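Note: the block below is run08.tsv and it holds TSV, C-alpha atoms and all ligand atoms.
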```tsv
chain	number	residue	atom	x	y	z
M	1	MET	CA	-9.31	-6.87	-5.13
M	2	GLU	CA	-10.93	-4.50	-7.62
M	3	ARG	CA	-8.61	-2.77	-10.03
M	4	ILE	CA	-8.91	1.01	-10.11
M	5	VAL	CA	-7.63	2.84	-13.16
M	6	LEU	CA	-6.20	6.23	-12.20
M	7	ASP	CA	-5.79	7.62	-15.72
M	8	ASN	CA	-8.43	10.23	-16.60
M	9	LYS	CA	-9.88	10.17	-13.09
M	10	THR	CA	-10.44	12.93	-10.57
M	11	ILE	CA	-8.19	12.24	-7.60
M	12	PHE	CA	-8.54	14.15	-4.35
M	13	ILE	CA	-5.62	14.28	-1.93
M	14	THR	CA	-5.55	16.00	1.45
M	15	GLY	CA	-2.34	17.22	3.09
M	16	VAL	CA	-0.60	17.92	-0.24
M	17	ALA	CA	1.73	20.54	1.24
M	18	GLY	CA	2.89	17.89	3.69
M	19	PHE	CA	5.86	15.59	3.31
M	20	ILE	CA	4.11	12.47	2.02
M	21	GLY	CA	1.29	14.29	0.19
M	22	PHE	CA	3.76	16.38	-1.79
M	23	ASN	CA	5.73	13.30	-2.82
M	24	LEU	CA	2.56	11.43	-3.75
M	25	VAL	CA	1.35	14.24	-6.03
M	26	LYS	CA	4.79	14.35	-7.68
M	27	ARG	CA	4.45	10.63	-8.34
M	28	LEU	CA	0.96	11.07	-9.85
M	29	PHE	CA	2.30	13.86	-12.07
M	30	LYS	CA	4.91	11.42	-13.33
M	31	ASP	CA	2.82	8.31	-13.96
M	32	VAL	CA	-0.86	9.14	-14.31
M	33	LYS	CA	-2.32	10.36	-17.60
M	34	GLY	CA	-5.22	12.70	-18.16
M	35	ALA	CA	-6.18	12.96	-14.50
M	36	THR	CA	-7.50	15.90	-12.53
M	37	VAL	CA	-5.67	16.13	-9.21
M	38	ILE	CA	-7.27	18.24	-6.50
M	39	GLY	CA	-5.05	18.88	-3.49
M	40	ILE	CA	-5.94	20.59	-0.25
M	41	ASP	CA	-4.00	21.62	2.83
M	42	ASN	CA	-4.60	24.11	5.65
M	43	LEU	CA	-0.89	25.07	5.72
M	44	ASN	CA	-0.82	25.09	9.51
M	45	ASP	CA	2.32	26.20	11.35
M	46	TYR	CA	3.00	22.99	13.32
M	47	TYR	CA	6.37	23.17	11.55
M	48	ASP	CA	8.08	25.70	9.26
M	49	VAL	CA	5.41	26.88	6.79
M	50	ALA	CA	8.17	27.88	4.35
M	51	LEU	CA	8.80	24.17	3.71
M	52	LYS	CA	5.11	23.62	2.93
M	53	GLU	CA	5.10	26.63	0.60
M	54	TYR	CA	8.25	25.39	-1.07
M	55	ARG	CA	6.60	22.02	-1.74
M	56	LEU	CA	3.51	23.72	-3.18
M	57	THR	CA	5.60	25.92	-5.45
M	58	GLU	CA	7.40	22.79	-6.65
M	59	LEU	CA	4.05	21.21	-7.50
M	60	ASN	CA	2.56	24.33	-9.10
M	61	THR	CA	5.55	24.70	-11.39
M	62	THR	CA	5.90	21.09	-12.52
M	63	VAL	CA	2.40	20.17	-13.66
M	64	PRO	CA	2.82	17.96	-16.74
M	65	ASP	CA	0.78	18.34	-19.92
M	66	GLY	CA	-2.50	16.48	-19.71
M	67	ILE	CA	-2.85	16.77	-15.93
M	68	ALA	CA	-5.20	19.31	-14.41
M	69	TRP	CA	-3.90	20.36	-10.98
M	70	LYS	CA	-5.80	22.47	-8.50
M	71	PHE	CA	-4.65	23.43	-5.01
M	72	LEU	CA	-7.20	24.71	-2.50
M	73	LYS	CA	-6.29	26.03	0.90
M	74	GLY	CA	-8.75	24.67	3.42
M	75	ASP	CA	-9.31	22.55	6.48
M	76	ILE	CA	-10.75	19.04	6.52
M	77	ALA	CA	-12.36	19.88	9.86
M	78	ASP	CA	-14.49	22.43	7.95
M	79	LYS	CA	-17.43	20.33	6.75
M	80	GLN	CA	-18.73	22.97	4.38
M	81	PHE	CA	-15.36	23.26	2.72
M	82	VAL	CA	-14.98	19.49	2.30
M	83	ASP	CA	-18.55	19.07	1.00
M	84	GLY	CA	-17.99	21.97	-1.40
M	85	VAL	CA	-14.90	20.28	-2.88
M	86	PHE	CA	-16.79	17.01	-3.37
M	87	GLU	CA	-19.76	18.81	-4.94
M	88	GLU	CA	-17.62	20.77	-7.33
M	89	TYR	CA	-15.12	18.10	-8.38
M	90	SER	CA	-16.81	14.70	-7.69
M	91	PRO	CA	-13.56	12.86	-6.93
M	92	LYS	CA	-13.38	9.13	-7.69
M	93	VAL	CA	-10.28	8.29	-5.67
M	94	VAL	CA	-9.60	9.98	-2.34
M	95	VAL	CA	-6.36	9.85	-0.33
M	96	ASN	CA	-6.54	11.35	3.14
M	97	LEU	CA	-3.09	12.28	4.40
M	98	ALA	CA	-4.00	15.49	6.24
M	99	ALA	CA	-3.65	15.01	9.97
M	100	GLN	CA	-2.17	16.57	13.03
M	101	VAL	CA	1.01	14.57	13.27
M	102	GLY	CA	3.53	14.01	16.04
M	103	VAL	CA	3.32	12.00	19.21
M	104	ARG	CA	4.83	14.43	21.70
M	105	TYR	CA	2.81	17.43	20.47
M	106	SER	CA	-0.38	15.47	21.28
M	107	ILE	CA	0.48	15.73	24.97
M	108	THR	CA	0.40	19.54	24.91
M	109	ASN	CA	-2.05	20.23	22.05
M	110	PRO	CA	-4.75	17.54	22.12
M	111	ASP	CA	-7.40	19.78	20.52
M	112	ALA	CA	-5.55	19.83	17.20
M	113	TYR	CA	-5.75	16.01	17.01
M	114	ILE	CA	-9.45	15.87	17.72
M	115	MET	CA	-10.19	18.55	15.11
M	116	SER	CA	-8.05	17.27	12.25
M	117	ASN	CA	-7.86	13.55	12.88
M	118	MET	CA	-11.33	12.86	14.23
M	119	ILE	CA	-13.71	15.56	12.94
M	120	GLY	CA	-11.65	16.00	9.76
M	121	PHE	CA	-11.60	12.31	8.94
M	122	TYR	CA	-15.28	11.98	9.74
M	123	ASN	CA	-16.01	14.81	7.26
M	124	ILE	CA	-14.07	12.95	4.58
M	125	LEU	CA	-16.00	9.75	5.26
M	126	GLU	CA	-19.34	11.55	5.17
M	127	ALA	CA	-18.44	13.26	1.91
M	128	CYS	CA	-17.47	9.85	0.42
M	129	ARG	CA	-20.78	8.42	1.60
M	130	HIS	CA	-22.87	11.24	0.13
M	131	SER	CA	-20.95	11.11	-3.15
M	132	ARG	CA	-23.19	8.08	-3.90
M	133	ASP	CA	-26.49	9.72	-2.99
M	134	GLY	CA	-29.24	8.79	-5.41
M	135	PHE	CA	-27.27	6.04	-7.15
M	136	ASP	CA	-27.65	2.31	-6.89
M	137	ASN	CA	-24.05	1.22	-7.27
M	138	GLU	CA	-24.60	-2.40	-6.48
M	139	ARG	CA	-24.87	-3.70	-10.02
M	140	LEU	CA	-22.23	-1.46	-11.51
M	141	PRO	CA	-18.62	-2.52	-12.11
M	142	ILE	CA	-16.35	-0.31	-10.07
M	143	ASP	CA	-15.14	1.81	-12.99
M	144	ASN	CA	-18.71	2.84	-13.80
M	145	TYR	CA	-19.38	3.51	-10.18
M	146	ARG	CA	-20.97	6.75	-9.12
M	147	GLY	CA	-19.18	8.47	-6.30
M	148	VAL	CA	-15.94	7.53	-4.61
M	149	GLU	CA	-14.42	4.24	-5.80
M	150	HIS	CA	-11.66	4.01	-3.22
M	151	LEU	CA	-10.70	5.90	-0.08
M	152	VAL	CA	-7.10	5.41	1.01
M	153	TYR	CA	-6.07	6.99	4.31
M	154	ALA	CA	-2.98	7.29	6.48
M	155	SER	CA	-2.92	5.34	9.68
M	156	SER	CA	0.28	4.85	11.67
M	157	SER	CA	2.60	2.30	13.25
M	158	SER	CA	1.83	4.10	16.51
M	159	VAL	CA	-1.42	2.08	16.73
M	160	TYR	CA	0.73	-0.87	17.87
M	161	GLY	CA	1.55	0.97	21.11
M	162	GLY	CA	3.94	-1.05	23.23
M	163	ASN	CA	3.28	-4.27	21.26
M	164	LYS	CA	5.86	-6.82	22.40
M	165	LYS	CA	5.41	-9.31	19.58
M	166	VAL	CA	7.54	-8.54	16.54
M	167	PRO	CA	7.23	-8.03	13.67
M	168	PHE	CA	3.99	-6.07	14.05
M	169	SER	CA	1.24	-7.68	12.03
M	170	THR	CA	-2.11	-6.21	11.05
M	171	ASP	CA	-3.57	-9.34	12.72
M	172	ASP	CA	-2.20	-8.23	16.11
M	173	ARG	CA	-4.59	-6.62	18.56
M	174	VAL	CA	-4.09	-2.88	18.72
M	175	ASP	CA	-6.22	-1.84	21.65
M	176	ASN	CA	-3.53	-0.23	23.76
M	177	PRO	CA	-2.53	3.13	22.28
M	178	VAL	CA	-0.01	5.10	24.35
M	179	SER	CA	-0.66	8.53	22.83
M	180	LEU	CA	-3.71	10.49	21.74
M	181	TYR	CA	-2.21	10.60	18.24
M	182	ALA	CA	-2.20	6.78	18.15
M	183	ALA	CA	-5.74	6.66	19.52
M	184	THR	CA	-6.99	8.97	16.73
M	185	LYS	CA	-5.29	6.82	14.07
M	186	LYS	CA	-6.81	3.63	15.48
M	187	SER	CA	-10.18	5.43	15.59
M	188	ASN	CA	-9.80	6.28	11.90
M	189	GLU	CA	-9.53	2.57	11.15
M	190	LEU	CA	-12.68	1.88	13.19
M	191	PHE	CA	-14.59	4.71	11.49
M	192	ALA	CA	-13.48	3.45	8.08
M	193	HIS	CA	-14.62	-0.07	8.87
M	194	CYS	CA	-18.02	1.21	9.84
M	195	TYR	CA	-18.42	3.26	6.64
M	196	SER	CA	-17.22	0.34	4.51
M	197	LYS	CA	-19.82	-1.91	6.11
M	198	LEU	CA	-22.72	0.52	6.16
M	199	TYR	CA	-22.21	2.19	2.78
M	200	ASP	CA	-20.09	-0.32	0.83
M	201	ILE	CA	-17.28	2.24	0.42
M	202	PRO	CA	-13.95	0.52	-0.39
M	203	THR	CA	-11.43	1.85	2.16
M	204	THR	CA	-7.77	1.01	2.72
M	205	GLY	CA	-5.82	2.22	5.75
M	206	LEU	CA	-2.05	2.33	5.59
M	207	ARG	CA	0.02	2.09	8.74
M	208	PHE	CA	3.15	4.04	7.87
M	209	PHE	CA	6.37	3.32	9.77
M	210	THR	CA	8.71	6.32	10.40
M	211	VAL	CA	8.90	7.95	6.99
M	212	TYR	CA	11.99	10.00	6.18
M	213	GLY	CA	13.71	11.63	3.23
M	214	PRO	CA	14.43	14.91	1.44
M	215	VAL	CA	12.03	17.84	2.04
M	216	GLY	CA	10.87	15.91	5.09
M	217	ARG	CA	9.45	16.93	8.45
M	218	PRO	CA	11.63	19.07	10.72
M	219	ASP	CA	9.92	17.65	13.83
M	220	MET	CA	11.28	14.16	13.14
M	221	ALA	CA	14.49	12.90	14.72
M	222	TYR	CA	16.69	12.67	11.59
M	223	PHE	CA	15.84	16.27	10.59
M	224	ASP	CA	15.85	17.69	14.12
M	225	PHE	CA	19.21	16.04	14.93
M	226	THR	CA	20.66	17.47	11.73
M	227	ASN	CA	19.40	20.98	12.53
M	228	LYS	CA	20.84	20.75	16.04
M	229	LEU	CA	24.21	19.35	15.04
M	230	MET	CA	24.55	22.02	12.35
M	231	LYS	CA	24.04	24.67	15.05
M	232	GLY	CA	26.53	22.95	17.36
M	233	GLU	CA	23.76	21.98	19.79
M	234	THR	CA	23.42	18.70	21.69
M	235	ILE	CA	21.00	16.02	20.52
M	236	GLN	CA	18.95	13.97	22.96
M	237	ILE	CA	18.71	10.25	22.36
M	238	PHE	CA	15.65	8.88	24.11
M	239	ASN	CA	15.38	5.69	26.16
M	240	TYR	CA	19.19	5.82	26.39
M	241	GLY	CA	19.31	4.69	22.78
M	242	ASN	CA	17.46	1.42	23.52
M	243	CYS	CA	14.91	1.98	20.78
M	244	ARG	CA	14.46	0.32	17.43
M	245	ARG	CA	12.69	2.02	14.57
M	246	ASP	CA	11.51	0.66	11.29
M	247	PHE	CA	12.44	3.51	8.94
M	248	THR	CA	10.81	3.82	5.53
M	249	TYR	CA	12.20	6.00	2.78
M	250	VAL	CA	9.56	8.33	1.35
M	251	ASP	CA	9.81	6.98	-2.23
M	252	ASP	CA	9.02	3.51	-0.89
M	253	ILE	CA	5.99	4.83	0.97
M	254	VAL	CA	4.77	6.63	-2.14
M	255	GLU	CA	5.24	3.51	-4.26
M	256	GLY	CA	3.13	1.61	-1.74
M	257	VAL	CA	0.39	4.26	-1.66
M	258	TYR	CA	0.38	4.51	-5.45
M	259	ARG	CA	-0.10	0.75	-5.85
M	260	VAL	CA	-2.71	0.56	-3.13
M	261	MET	CA	-4.74	3.37	-4.73
M	262	GLN	CA	-5.13	1.08	-7.76
M	263	GLY	CA	-6.42	-1.94	-5.85
M	264	ALA	CA	-9.57	-1.52	-3.78
M	265	PRO	CA	-10.91	-4.20	-1.45
M	266	GLU	CA	-13.66	-6.11	-3.19
M	267	ARG	CA	-17.35	-5.33	-2.66
M	268	LYS	CA	-19.36	-8.44	-1.91
M	269	LYS	CA	-22.35	-9.51	0.15
M	270	GLY	CA	-21.88	-10.96	3.59
M	271	GLU	CA	-23.86	-13.77	5.18
M	272	ASP	CA	-26.28	-11.18	6.57
M	273	GLY	CA	-27.15	-10.02	3.03
M	274	LEU	CA	-25.51	-6.68	3.74
M	275	PRO	CA	-22.15	-5.56	2.34
M	276	SER	CA	-19.21	-7.53	3.67
M	277	PRO	CA	-17.11	-4.46	4.37
M	278	PRO	CA	-14.69	-3.69	1.49
M	279	TYR	CA	-12.10	-2.77	4.07
M	280	ALA	CA	-8.37	-3.38	4.36
M	281	VAL	CA	-5.44	-2.21	6.46
M	282	TYR	CA	-1.77	-2.72	5.55
M	283	ASN	CA	1.60	-1.96	7.10
M	284	ILE	CA	4.06	-0.04	4.96
M	285	GLY	CA	7.44	-0.19	6.61
M	286	GLY	CA	11.02	-1.00	5.74
M	287	GLY	CA	10.70	-4.34	7.57
M	288	GLN	CA	14.22	-3.91	8.98
M	289	PRO	CA	14.26	-2.08	12.30
M	290	GLU	CA	17.44	-0.22	13.18
M	291	SER	CA	18.67	0.59	16.64
M	292	LEU	CA	18.54	4.30	17.42
M	293	LEU	CA	22.28	4.37	18.07
M	294	ASP	CA	23.07	2.78	14.70
M	295	PHE	CA	20.71	5.24	13.04
M	296	VAL	CA	22.52	8.17	14.69
M	297	GLN	CA	25.88	6.71	13.63
M	298	ILE	CA	24.78	6.42	9.98
M	299	LEU	CA	23.31	9.92	10.05
M	300	GLN	CA	26.58	11.32	11.40
M	301	GLU	CA	28.58	9.59	8.69
M	302	GLU	CA	26.28	10.84	5.96
M	303	LEU	CA	26.36	14.42	7.28
M	304	VAL	CA	30.13	14.30	7.09
M	305	CYS	CA	30.04	12.62	3.68
M	306	ALA	CA	27.76	15.39	2.32
M	307	GLY	CA	30.20	17.99	3.62
M	308	LEU	CA	27.71	19.40	6.12
M	309	LEU	CA	29.95	18.69	9.12
M	310	PRO	CA	33.75	18.44	9.29
M	311	ILE	CA	35.36	15.03	9.42
M	312	ASP	CA	36.74	15.76	12.91
M	313	PHE	CA	33.37	16.90	14.34
M	314	ASP	CA	33.16	15.72	17.95
M	315	PHE	CA	29.85	13.85	17.87
M	316	GLU	CA	30.30	12.33	21.32
M	317	ALA	CA	30.36	15.81	22.85
M	318	HIS	CA	27.01	16.60	21.19
M	319	LYS	CA	25.04	13.56	22.32
M	320	GLN	CA	23.05	13.07	25.47
M	321	LEU	CA	21.34	9.82	26.44
M	322	VAL	CA	18.02	10.56	28.17
M	323	PRO	CA	15.00	8.56	29.48
M	324	MET	CA	11.97	7.56	27.44
M	325	GLN	CA	9.38	10.28	26.70
M	326	PRO	CA	5.67	9.86	27.39
M	327	GLY	CA	3.86	8.62	24.26
M	328	ASP	CA	6.97	7.04	22.76
M	329	VAL	CA	7.32	3.31	22.11
M	330	PRO	CA	10.56	1.30	22.34
M	331	THR	CA	10.22	-0.64	19.08
M	332	THR	CA	8.48	-0.45	15.74
M	333	TYR	CA	8.88	-3.30	13.28
M	334	ALA	CA	6.57	-3.87	10.32
M	335	ASP	CA	5.45	-7.20	9.00
M	336	THR	CA	4.92	-6.30	5.34
M	337	THR	CA	4.03	-9.71	3.94
M	338	ALA	CA	0.41	-8.71	3.24
M	339	LEU	CA	1.50	-5.73	1.14
M	340	GLU	CA	3.90	-7.95	-0.77
M	341	ARG	CA	1.25	-10.64	-1.26
M	342	ASP	CA	-1.48	-8.26	-2.51
M	343	PHE	CA	0.56	-5.58	-4.30
M	344	GLY	CA	3.89	-7.27	-5.05
M	345	PHE	CA	5.83	-4.62	-3.23
M	346	THR	CA	8.36	-4.38	-0.43
M	347	PRO	CA	10.39	-1.27	0.36
M	348	LYS	CA	13.83	-1.22	-1.19
M	349	ILE	CA	15.86	1.78	-0.03
M	350	THR	CA	18.32	1.14	2.81
M	351	LEU	CA	18.65	3.58	5.70
M	352	ARG	CA	22.13	4.59	4.54
M	353	GLU	CA	20.97	5.34	1.00
M	354	GLY	CA	17.96	7.23	2.28
M	355	LEU	CA	19.92	9.32	4.77
M	356	ARG	CA	22.44	10.07	2.04
M	357	HIS	CA	19.68	11.50	-0.15
M	358	PHE	CA	18.43	13.49	2.83
M	359	ALA	CA	21.87	14.91	3.69
M	360	GLN	CA	22.51	15.89	0.06
M	361	TRP	CA	19.14	17.60	-0.20
M	362	TYR	CA	19.66	19.38	3.14
M	363	LYS	CA	22.99	20.73	2.00
M	364	GLN	CA	21.61	22.06	-1.24
M	365	PHE	CA	18.38	23.41	0.28
M	366	TYR	CA	19.92	25.31	3.17
M	367	SER	CA	23.17	26.37	1.48
M	368	HIS	CA	21.77	29.76	0.44
M	369	GLU	CA	20.89	30.73	4.03
M	401	LIG	N1	5.85	10.77	8.32
M	401	LIG	C1	5.68	9.68	9.07
M	401	LIG	O1	6.64	9.08	9.57
M	401	LIG	C2	4.29	9.13	9.31
M	401	LIG	C3	4.20	7.95	10.07
M	401	LIG	C4	2.93	7.44	10.31
M	401	LIG	C5	1.80	8.06	9.80
M	401	LIG	N2	1.94	9.22	9.08
M	401	LIG	C6	0.71	9.85	8.59
M	401	LIG	O2	0.87	10.19	7.22
M	401	LIG	C7	0.16	11.39	6.93
M	401	LIG	C8	1.08	12.41	6.28
M	401	LIG	O3	2.13	12.68	7.19
M	401	LIG	P1	3.37	13.61	6.84
M	401	LIG	O4	4.56	13.01	7.44
M	401	LIG	O5	3.35	13.97	5.39
M	401	LIG	O6	2.99	14.89	7.73
M	401	LIG	P2	2.93	16.45	7.35
M	401	LIG	O7	2.61	17.16	8.62
M	401	LIG	O8	4.15	16.83	6.62
M	401	LIG	O9	1.69	16.51	6.37
M	401	LIG	C9	0.36	16.67	6.80
M	401	LIG	C10	-0.21	17.87	6.06
M	401	LIG	O10	-1.58	17.99	6.41
M	401	LIG	C11	-1.88	19.34	6.64
M	401	LIG	N3	-3.00	19.37	7.60
M	401	LIG	C12	-2.98	19.06	8.91
M	401	LIG	N4	-4.20	19.20	9.43
M	401	LIG	C13	-5.01	19.57	8.42
M	401	LIG	C14	-6.38	19.88	8.33
M	401	LIG	N5	-7.16	19.83	9.40
M	401	LIG	N6	-6.90	20.24	7.13
M	401	LIG	C15	-6.11	20.32	6.03
M	401	LIG	N7	-4.79	20.06	6.06
M	401	LIG	C16	-4.25	19.69	7.24
M	401	LIG	C17	-0.62	19.96	7.21
M	401	LIG	O11	-0.55	21.35	6.96
M	401	LIG	C18	0.47	19.19	6.47
M	401	LIG	O12	0.90	19.89	5.32
M	401	LIG	C19	-0.44	11.84	8.26
M	401	LIG	O13	-1.77	11.40	8.32
M	401	LIG	C20	0.39	11.13	9.29
M	401	LIG	O14	-0.33	10.92	10.49
M	401	LIG	C21	3.16	9.77	8.82
```
Can the structure from this file be put into structure tokens for me?
Amino acid sequence: MERIVLDNKTIFITGVAGFIGFNLVKRLFKDVKGATVIGIDNLNDYYDVALKEYRLTELNTTVPDGIAWKFLKGDIADKQFVDGVFEEYSPKVVVNLAAQVGVRYSITNPDAYIMSNMIGFYNILEACRHSRDGFDNERLPIDNYRGVEHLVYASSSSVYGGNKKVPFSTDDRVDNPVSLYAATKKSNELFAHCYSKLYDIPTTGLRFFTVYGPVGRPDMAYFDFTNKLMKGETIQIFNYGNCRRDFTYVDDIVEGVYRVMQGAPERKKGEDGLPSPPYAVYNIGGGQPESLLDFVQILQEELVCAGLLPIDFDFEAHKQLVPMQPGDVPTTYADTTALERDFGFTPKITLREGLRHFAQWYKQFYSHE
């Protein structure tokens, strides 16, 4: 592992108006000194743009002294735009979080996934590659390196498809995606491996497991269920509730990303005399899958506890058990031993604590409406 110092560096993050990107930038504002943070996002309307704008306003108004923050609206699928950012700012650490997310949406809108997740990620990789043009980095220690020192990118637990063996390990074969979204995320890992091998670019992919928390994504079950219950609508529980999800609170995800940014896979020569790819993939998940029905029960209790719903709310009348949806998987369960071994970190926040934070935020955020 090569240690990457973030202080005084130029850090480039895509998807900063998104749920995880926003929280990551907040974390960098808190703990990194003297850095320039460049954030981009295309602010697409896959979900309520007001939430994305709210997150950006939060960032724009909380920049600490000593940090230079720049937001640029743009699309990673636009090669000229991406190349222009790299030319102007020469980032040293890159975190690619921008992606078309969602499993079900990939059934009806496949184009968005190919543009953002395939072309977009390819543009990021190419820009990282060309950031080294004209330099012989081989003999330089990583902190004197020209060009990008570490590319960290979001993969997903969805790459495990219908994997039967639990917990899911990064050593398991992941050749059976059940959604286009999952296929694009697996492809990102393959692309990254190829660029690590060919151009000696240290890359780390992170397979996130169901991330949730305040200012989260309205398309995800915990947020969608809350919206529906607040309107008195019925929620649909897929696979008749026979699902288990490994939920990860957003602060835990951000802690993992933050640590991983500072530890790049080592560059060394392989037996063929060419770079042995400085490439790694980790799971970041809670490591404690919860049944969907237990999750709904805890959510209900926390919505009542936060005063969002009355204590006598008839939850049973607002629940419907329905079959599995195409693209969904019955179980996700992260083996996080590699993350703990290499970065000394395992997620800490329980589902109840996390949903409590979410319910409290939701109450405060939507109370003025
Ligand atoms: N939240 C989860 O549970 C979860 C789980 C697994 C993987 N991930 C991955 O983590 C990353 C962040 O997810 P999130 O939950 O914050 O989602 P999000 O949708 O809130 O954030 C993604 C952001 O990227 C932006 N974006 C999308 N396409 C873009 C493009 N072509 N160019 C520029 N910006 C673009 C969107 O506007 C959005 O603000 C994604 O790559 C996602 O696939 C998330």
Discussion item. My list of candidates is M:Val322, M:Leu28, M:Ile124, M:Val250. Which is closest to Lys348 of chain M when distances are computed with only C-alpha atoms?
Written reply: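 Checking each candidate against Lys348 of chain M, we get M:Val250 as the closest.
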Give me, as a tab-separated table, each residue of chain M that comes within 6 Å of ligand LIG 401 (chain M), together with its shortest interatomic pair and the distance in Å at one decimal, counting only C-alpha atoms and all ligand atoms, with rows ordered by chain and rising residue number.
```
residue	atom	partner	partner_atom	distance
M:Gly15	CA	M:LIG401	O10	3.5
M:Ala17	CA	M:LIG401	O12	4.2
M:Gly18	CA	M:LIG401	O9	3.2
M:Phe19	CA	M:LIG401	O5	3.6
M:Ile20	CA	M:LIG401	O5	3.8
M:Gly21	CA	M:LIG401	O5	5.6
M:Asp41	CA	M:LIG401	N7	3.7
M:Asn42	CA	M:LIG401	N7	4.1
M:Leu43	CA	M:LIG401	O11	3.9
M:Asn44	CA	M:LIG401	O11	4.5
M:Gly74	CA	M:LIG401	C15	5.7
M:Asp75	CA	M:LIG401	N6	3.4
M:Ile76	CA	M:LIG401	N6	4.1
M:Ala77	CA	M:LIG401	N5	5.2
M:Leu97	CA	M:LIG401	C7	4.2
M:Ala98	CA	M:LIG401	O10	3.5
M:Ala99	CA	M:LIG401	C12	4.2
M:Gln100	CA	M:LIG401	C12	4.9
M:Val101	CA	M:LIG401	O14	4.8
M:Ser116	CA	M:LIG401	N5	3.9
M:Gly120	CA	M:LIG401	N5	5.9
M:Ala154	CA	M:LIG401	O13	4.7
M:Ser155	CA	M:LIG401	C5	5.4
M:Ser156	CA	M:LIG401	C4	3.9
M:Ser157	CA	M:LIG401	C4	5.9
M:Phe208	CA	M:LIG401	C4	4.2
M:Phe209	CA	M:LIG401	C3	5.1
M:Thr210	CA	M:LIG401	O1	3.5
M:Val211	CA	M:LIG401	O1	3.6
M:Arg217	CA	M:LIG401	O8	5.6
```
Fill in: Pairwise distance for atom CA of Val281 of chain M and atom CA of Val103 of chain M, rounded to one decimal in Å
21.0 Å
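Residues lying within 6 Å of His150 of chain M, counting all atoms listed in the file and ignoring same-chain neighbours fewer than 5 positions away, are Val93, Pro202, Thr203 and Ala264 of chain M.
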Practice prompt. Using only C-alpha atoms, pick whichever of M:Gly354, M:Pro110, M:Gly84, M:Gly34 has the shortest atom-to-atom distance to Ile298 of chain M.
Written response: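 Residue with the minimum atom-to-atom distance to Ile298 of chain M: M:Gly354.
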Worksheet item: Need the neighbours of (3.4, 11.6, 24.6): which residues are at most 6 Å away, counting all atoms listed in the file, as a list of chain:residue names?
Response: M:Val103, M:Arg104, M:Ile107, M:Ser179, M:Pro326, M:Gly327
Discussion item. Counting only C-alpha atoms, which residue out of M:Met220, M:Ala359, M:Ile119, M:Ala50 sits closest to Phe247 of chain M?
Written reply: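 Closest to Phe247 of chain M of all the choices is M:Met220.
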Discussion item. Using all atoms listed in the file, can you tell me which of M:Lys363, M:Arg146, M:Arg207, M:Arg27 comes closest to Thr332 of chain M?
Written reply: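 The closest residue to Thr332 of chain M is M:Arg207.
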Practice prompt. For segment 268-279 of chain M, please output as a PyMOL selection string all residues within 7 Å (counting all atoms listed in the file; exclusion window: fewer than 2 positions along the same chain).
Written response: chain M and resi 193+196-197+200-204+265-266
Worksheet item: Quick one: of M:Leu59, M:Leu299, M:Arg267, M:Gln364, who's nearest to Ala221 of chain M, counting only C-alpha atoms?
Response: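 Distance minimum relative to Ala221 of chain M lands on M:Leu299.
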Item to complete: List the neighbours of Tyr249 of chain M out to 12 Å using all atoms listed in the file; skip same-chain residues closer than 3 positions along the sequence, and give me the result as JSON, numbers by chain.
Response: {"M": [19, 20, 23, 208, 209, 210, 211, 212, 213, 214, 215, 216, 222, 246, 252, 253, 254, 255, 256, 284, 285, 286, 287, 288, 346, 347, 348, 349, 350, 351, 352, 353, 354, 355, 356, 357, 358]}
Item to complete: Please indicate the distance in Å from atom CA of Asn117 of chain M to atom CA of Thr331 of chain M, rounded to one decimal place.
Response: 23.8 Å
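The spacing separating atom CA of Met261 of chain M from atom CA of Val5 of chain M amounts to 8.9 Å.
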Item to complete: Could you check which of M:Gln325, M:Asn123, M:Thr36, M:Ser158 is closest to Tyr240 of chain M, using only C-alpha atoms?
Response: M:Gln325
Worksheet entry | Polymer residues at most 12 Å from Asp172 of chain M, all atoms listed in the file, same-chain spacing of 5 or more positions, as a list in words | Ser157, Val159, Tyr160, Gly161, Gly162, Asn163, Lys164, Lys165, Val166, Pro167, Val281, Tyr282, Asn283, Ala334 and Asp335 of chain M
May I have the residues from that selection written out with C-alpha atoms, as a short mmCIF file (atom, residue, chain, number, x, y, z; two decimals), in the frame of the given file?
```
data_model
loop_
_atom_site.label_atom_id
_atom_site.label_comp_id
_atom_site.auth_asym_id
_atom_site.auth_seq_id
_atom_site.Cartn_x
_atom_site.Cartn_y
_atom_site.Cartn_z
CA SER M 157 2.60 2.30 13.25
CA VAL M 159 -1.42 2.08 16.73
CA TYR M 160 0.73 -0.87 17.87
CA GLY M 161 1.55 0.97 21.11
CA GLY M 162 3.94 -1.05 23.23
CA ASN M 163 3.28 -4.27 21.26
CA LYS M 164 5.86 -6.82 22.40
CA LYS M 165 5.41 -9.31 19.58
CA VAL M 166 7.54 -8.54 16.54
CA PRO M 167 7.23 -8.03 13.67
CA VAL M 281 -5.44 -2.21 6.46
CA TYR M 282 -1.77 -2.72 5.55
CA ASN M 283 1.60 -1.96 7.10
CA ALA M 334 6.57 -3.87 10.32
CA ASP M 335 5.45 -7.20 9.00
#
```
Fill in: 8 Å contact set for Phe343 of chain M, all atoms listed in the file, chain neighbours under 3 positions out, as a list in words
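Contacts, in chain order: Arg259, Val260, Leu339 and Glu340 of chain M.
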